[in-house]
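Just below is one structure, and these are the notes that go with it.
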Amino acid sequence: MQTSFTLAQLADPDIAEANTILRACVHCGFCTATCPTYTLLGDELDSPRGRIYQIKDMLERDIAAPEETVRHVDRCLSCLSCMTTCPSGVHYMHLVDHARAHIENTYSRPFIDRAIRGLLAAVLPRPFVFRLALIAASVIKPFARLLPGTFGAMLALAPRSVAPPSRVDRPQTFPAKGQRRGRVALMNGCAQQVLAPEINEATVRILTRLGIEVVVAQGAGCCGALVHHMGRTTESRRQALTNILAWTSEADNADLDAIIVNASGCGTTVKDYGFMFRNDQELNEQAANVSALTKDITEFLAMLDLTCAEAPEAIKIAYHSACSMQHGQKITDLPKELLVSAGFDVVSPAESHICCGSAGTYNLLQTEIASRLQARKVSNIEATGADAIAAGNIGCMAQIADGTTIPVLHTVQLLDWATGGPIPEALKKNEH
């Protein structure tokens with residue numbers, strides 16, 4: 001794609017990066033075949049190629065984001081399916097992130113829209129505040145269907161009860177069982193530790209049982225993904241920096257073999273910290289080191305010996321491959337292989353490359369499209385006749401669980417169970 005940025009514009013490293021990405025695009029349109037919004041809406045402007053043209057025009061002319069461009073960029077799920085499909089290697093993720101930052105800095109959203117986004121940015125990354133919000137939401141959840149748009153979606157996705165804070169989410173060190181084979185830092189996240197604290201608990205159990213010392217670092221918190229995808233880059237960099245310093249301190253105290261992330265949306269962002277701080281001479285090396293150390297829990301477990309695991313019950317598992325896992329981190333077959341090696345009967349639903357509609361805060365901000373994608377995903381999963389659903393991202397788990405009665409679990413919960421841990425509560429409730 002030909003671009004026409006001025007030399008003055010190209011002096012900005014962010015514009016220079018956008019220019020490189022844009023020039024890689026050859027207009028082939030392969031991306032339209034796998035884009036969820038284009039599949040649903042059939043509008044070229046709601047395809048990656050269409051958004052690329054709109055972003056190019058906005059950045060080249062150096063103008064405030066037009067309302068139409070904002071509408072179509074807002075509809076993008078950042079599922080990154082287009083990056084998997086693209087034969088030219090267009091790094092759409094970095095381009096759309098840049099566009100969202102430009103929109104945040106130049107476009108004045110309606111008051112209600114600003115208020116909702118501000119509320120989500122203030123609440124979701126803070127576990128204490130988020131827990132209080134969910135407790136309040138559980139009281140009025142029965143009235144969710146009566147409320148419009150985002151407010152109804154928030155209540156619909158809220159759990160009926162909220163678990164108390166888990167002991168594993170406090171800063172501490174969990175010693176390895178038996179001979180120590182390694183040492184890792186666990187990112188316990190923000191929303192996940194409120195919505196499903198059992199995921200971190202299962203992660204700690206299986207790792208320590210396999211001889212891995214697990215550290216929850218003092219000061220580490222939200223990865224920054226939620227606000228980053230809203231274009232709030234100052235906030236996302238601040239949250240990322242907090243983690244970088246916390247994990248670097250742990251690594252300085254004693255070597256870390258890995259930083260374990262069990263929410264793939266977070267993992268995709270943490271693995272991008274090096275890029276996020278690429279222009280910061282003081283922090284770039286530390287950020288890049290953190291990114292290099294980061295592994296999804298399934299990546300790390302695959303390095304250990306799980307071959308002797310046997311499934312406690314021969315149940316059929318529908319594996320949902322989160323977009324951030326398969327497209328963001330390029331981890332595709334590994335989680336399924338681990339589940340199969342543990343003795344589970346694993347099936348892949350049709351259209352597994354299509355997003356479930358969660359996408360961070362997307363299902364709260366773009367409720368109509370998210371609902372259609374949820375229904376499509378649930379229909380494909382239920383057609384498999386699975387007894388349970390496995391996924392590696394808390395957002396997907398909440399989104400899918402809201403549309404089906406089939407138990408939804410994190411992959412690590414099933415692997416923990418198969419290697420000596422307790423049966424997950426979600427499966428206890430479905431025992432015959």
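Please note that chains go A, B, ... in the order of the structure tokens, that every chain numbers its residues from 1, and that ligands are numbered from 1 in the order shown.
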Self-check item: For Trp417 of chain A: contacts at 12 Å, only C-alpha atoms, fewer than 5 positions along chain excluded, given as an MDAnalysis selection string
Solution: chainID A and resid 199 201:203 205:206 209 309:313 339 342:344 409:412 422:425 427:428
Quiz prompt | Who sits within 8 Å of segment 112-126 of chain A, only C-alpha atoms, same chain under 4 positions skipped, as a VMD selection string | solution = chain A and resid 130 133 190 to 191 221 to 222 224 226 to 227 230 361
Quiz item: Which one is closest to Pro197 of chain A: A:Gln413, A:Thr298, A:Ala401, A:Ala359? Count only C-alpha atoms.
Solution: A:Gln413
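In the backbone-derived DSSP annotation, strand (DSSP E or B) within segment 197-412 of chain A comprises A:Ile212, A:Glu213, A:Val214, A:Val215, A:Val216, A:Ala258, A:Ile259, A:Ile260, A:Val261, A:Thr294, A:Lys295, A:Asp296, A:Lys316, A:Ile317, A:Ala318, A:Tyr319, A:Asp345, A:Val346, A:Val347, A:Ala388, A:Ile389, A:Ala390, A:Ala391, A:Val408, A:Leu409, A:His410.
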Exercise. Write out as a list in words each polymer residue whose atoms come within 9 Å of His94 of chain A, counting only C-alpha atoms; drop sequence neighbours fewer than 3 positions from it.
Key: Glu17, Ala18, Ile21, His91, Asp97, His98 and Ala99 of chain A
File of the preceding selection, C-alpha atoms, as a short mmCIF file (atom, residue, chain, number, x, y, z; two decimals), in the first residue's frame:
data_model
loop_
_atom_site.label_atom_id
_atom_site.label_comp_id
_atom_site.auth_asym_id
_atom_site.auth_seq_id
_atom_site.Cartn_x
_atom_site.Cartn_y
_atom_site.Cartn_z
CA GLU A 17 5.74 2.29 12.74
CA ALA A 18 2.22 2.81 11.35
CA ILE A 21 2.57 -1.59 8.79
CA HIS A 91 0.73 -6.21 12.09
CA ASP A 97 -3.92 0.17 18.91
CA HIS A 98 -2.35 3.32 17.46
CA ALA A 99 -5.67 4.28 15.89
#
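Secondary structure by DSSP on the backbone puts the following residues of segment 311-350 of chain A in alpha helix (DSSP H): Cys323, Leu334, Pro335, Lys336, Glu337, Leu338, Leu339, Val340 and Ser341 of chain A.
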Quick one: write out the picked residues with N, CA and C atoms as a PDB file, in the first residue's frame?
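So the final result, stored in selection-v3.pdb, reads:
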ATOM      1  N   CYS A 323      -9.240 -16.069  20.995  1.00  0.00           N
ATOM      2  CA  CYS A 323      -8.562 -15.337  19.920  1.00  0.00           C
ATOM      3  C   CYS A 323      -7.167 -14.889  20.343  1.00  0.00           C
ATOM      4  N   LEU A 334      -1.434 -26.819  21.215  1.00  0.00           N
ATOM      5  CA  LEU A 334      -0.800 -27.223  22.466  1.00  0.00           C
ATOM      6  C   LEU A 334      -1.786 -27.492  23.614  1.00  0.00           C
ATOM      7  N   PRO A 335      -2.732 -26.585  23.915  1.00  0.00           N
ATOM      8  CA  PRO A 335      -3.673 -26.878  25.013  1.00  0.00           C
ATOM      9  C   PRO A 335      -4.484 -28.140  24.775  1.00  0.00           C
ATOM     10  N   LYS A 336      -4.898 -28.354  23.515  1.00  0.00           N
ATOM     11  CA  LYS A 336      -5.664 -29.568  23.195  1.00  0.00           C
ATOM     12  C   LYS A 336      -4.802 -30.817  23.386  1.00  0.00           C
ATOM     13  N   GLU A 337      -3.549 -30.723  22.990  1.00  0.00           N
ATOM     14  CA  GLU A 337      -2.645 -31.866  23.140  1.00  0.00           C
ATOM     15  C   GLU A 337      -2.444 -32.215  24.610  1.00  0.00           C
ATOM     16  N   LEU A 338      -2.344 -31.209  25.466  1.00  0.00           N
ATOM     17  CA  LEU A 338      -2.193 -31.456  26.897  1.00  0.00           C
ATOM     18  C   LEU A 338      -3.433 -32.146  27.466  1.00  0.00           C
ATOM     19  N   LEU A 339      -4.600 -31.672  27.038  1.00  0.00           N
ATOM     20  CA  LEU A 339      -5.845 -32.278  27.513  1.00  0.00           C
ATOM     21  C   LEU A 339      -5.981 -33.722  27.025  1.00  0.00           C
ATOM     22  N   VAL A 340      -5.614 -33.961  25.790  1.00  0.00           N
ATOM     23  CA  VAL A 340      -5.661 -35.329  25.257  1.00  0.00           C
ATOM     24  C   VAL A 340      -4.681 -36.231  26.014  1.00  0.00           C
ATOM     25  N   SER A 341      -3.465 -35.707  26.260  1.00  0.00           N
ATOM     26  CA  SER A 341      -2.466 -36.505  26.979  1.00  0.00           C
ATOM     27  C   SER A 341      -2.925 -36.812  28.398  1.00  0.00           C
TER      28      SER A 341
END
Self-check item: Distance query Ile354 of chain A at most 9 Å, only C-alpha atoms, self and fewer than 2 positions along chain excluded, as a PyMOL selection string
Solution: chain A and resi 34-36+79+81+323+351-352+356-357+373+377
Quiz item: Which polymer residues have any atom within 9 Å of an atom of Asn105 of chain A, counting only C-alpha atoms, with same-chain residues fewer than 4 positions away left out, as a list in words?
Solution: Ala64, Ala65, Arg100, Ala101, Gly231 and Arg232 of chain A
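Comparing the minimum interatomic distances between Glu104 of chain A and each of A:Thr233, A:Ser138, A:Thr85, A:Thr6, counting only C-alpha atoms, we find that A:Thr233 sits nearest.
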Who sits within 12 Å of Val216 of chain A, only C-alpha atoms, same chain under 3 positions skipped, as a PDB file with C-alpha atoms, in the first residue's frame:
ATOM      1  CA  ARG A 167      -5.411 -16.662  49.725  1.00  0.00           C
ATOM      2  CA  VAL A 168      -3.268 -17.399  46.664  1.00  0.00           C
ATOM      3  CA  ASP A 169      -3.691 -13.887  45.294  1.00  0.00           C
ATOM      4  CA  ARG A 170      -1.754 -12.229  48.108  1.00  0.00           C
ATOM      5  CA  PRO A 171       1.966 -11.529  47.487  1.00  0.00           C
ATOM      6  CA  GLN A 172       3.847 -14.605  48.725  1.00  0.00           C
ATOM      7  CA  THR A 173       5.943 -17.586  47.713  1.00  0.00           C
ATOM      8  CA  PHE A 174       4.541 -21.102  47.332  1.00  0.00           C
ATOM      9  CA  PRO A 175       7.327 -23.656  47.796  1.00  0.00           C
ATOM     10  CA  ARG A 183      10.894 -20.906  39.943  1.00  0.00           C
ATOM     11  CA  VAL A 184       8.202 -18.782  38.298  1.00  0.00           C
ATOM     12  CA  ALA A 185       6.211 -15.633  38.963  1.00  0.00           C
ATOM     13  CA  LEU A 186       2.458 -15.963  38.576  1.00  0.00           C
ATOM     14  CA  MET A 187       0.473 -13.051  37.227  1.00  0.00           C
ATOM     15  CA  ASN A 188      -2.756 -13.312  39.208  1.00  0.00           C
ATOM     16  CA  GLY A 189      -4.481 -10.639  37.146  1.00  0.00           C
ATOM     17  CA  ASN A 200      -5.101 -19.199  40.111  1.00  0.00           C
ATOM     18  CA  GLU A 201      -5.565 -21.787  42.849  1.00  0.00           C
ATOM     19  CA  THR A 203      -2.342 -23.048  38.689  1.00  0.00           C
ATOM     20  CA  VAL A 204      -0.481 -22.877  41.995  1.00  0.00           C
ATOM     21  CA  GLU A 213       8.222 -22.685  43.189  1.00  0.00           C
ATOM     22  CA  GLY A 219       3.044  -4.780  43.478  1.00  0.00           C
ATOM     23  CA  ALA A 220       2.099  -6.714  40.331  1.00  0.00           C
ATOM     24  CA  GLY A 221      -1.457  -6.178  39.113  1.00  0.00           C
ATOM     25  CA  ASN A 243       4.371  -5.142  36.590  1.00  0.00           C
ATOM     26  CA  ALA A 246       7.661  -5.948  40.280  1.00  0.00           C
ATOM     27  CA  TRP A 247       8.797  -8.913  38.174  1.00  0.00           C
ATOM     28  CA  SER A 249      12.706  -7.117  41.263  1.00  0.00           C
ATOM     29  CA  GLU A 250      11.777 -10.782  41.716  1.00  0.00           C
ATOM     30  CA  LEU A 256      12.913 -16.650  37.272  1.00  0.00           C
ATOM     31  CA  ILE A 259       6.361 -15.370  34.202  1.00  0.00           C
ATOM     32  CA  ILE A 260       3.192 -17.452  34.066  1.00  0.00           C
ATOM     33  CA  VAL A 261      -0.022 -15.927  32.716  1.00  0.00           C
TER      34      VAL A 261
END
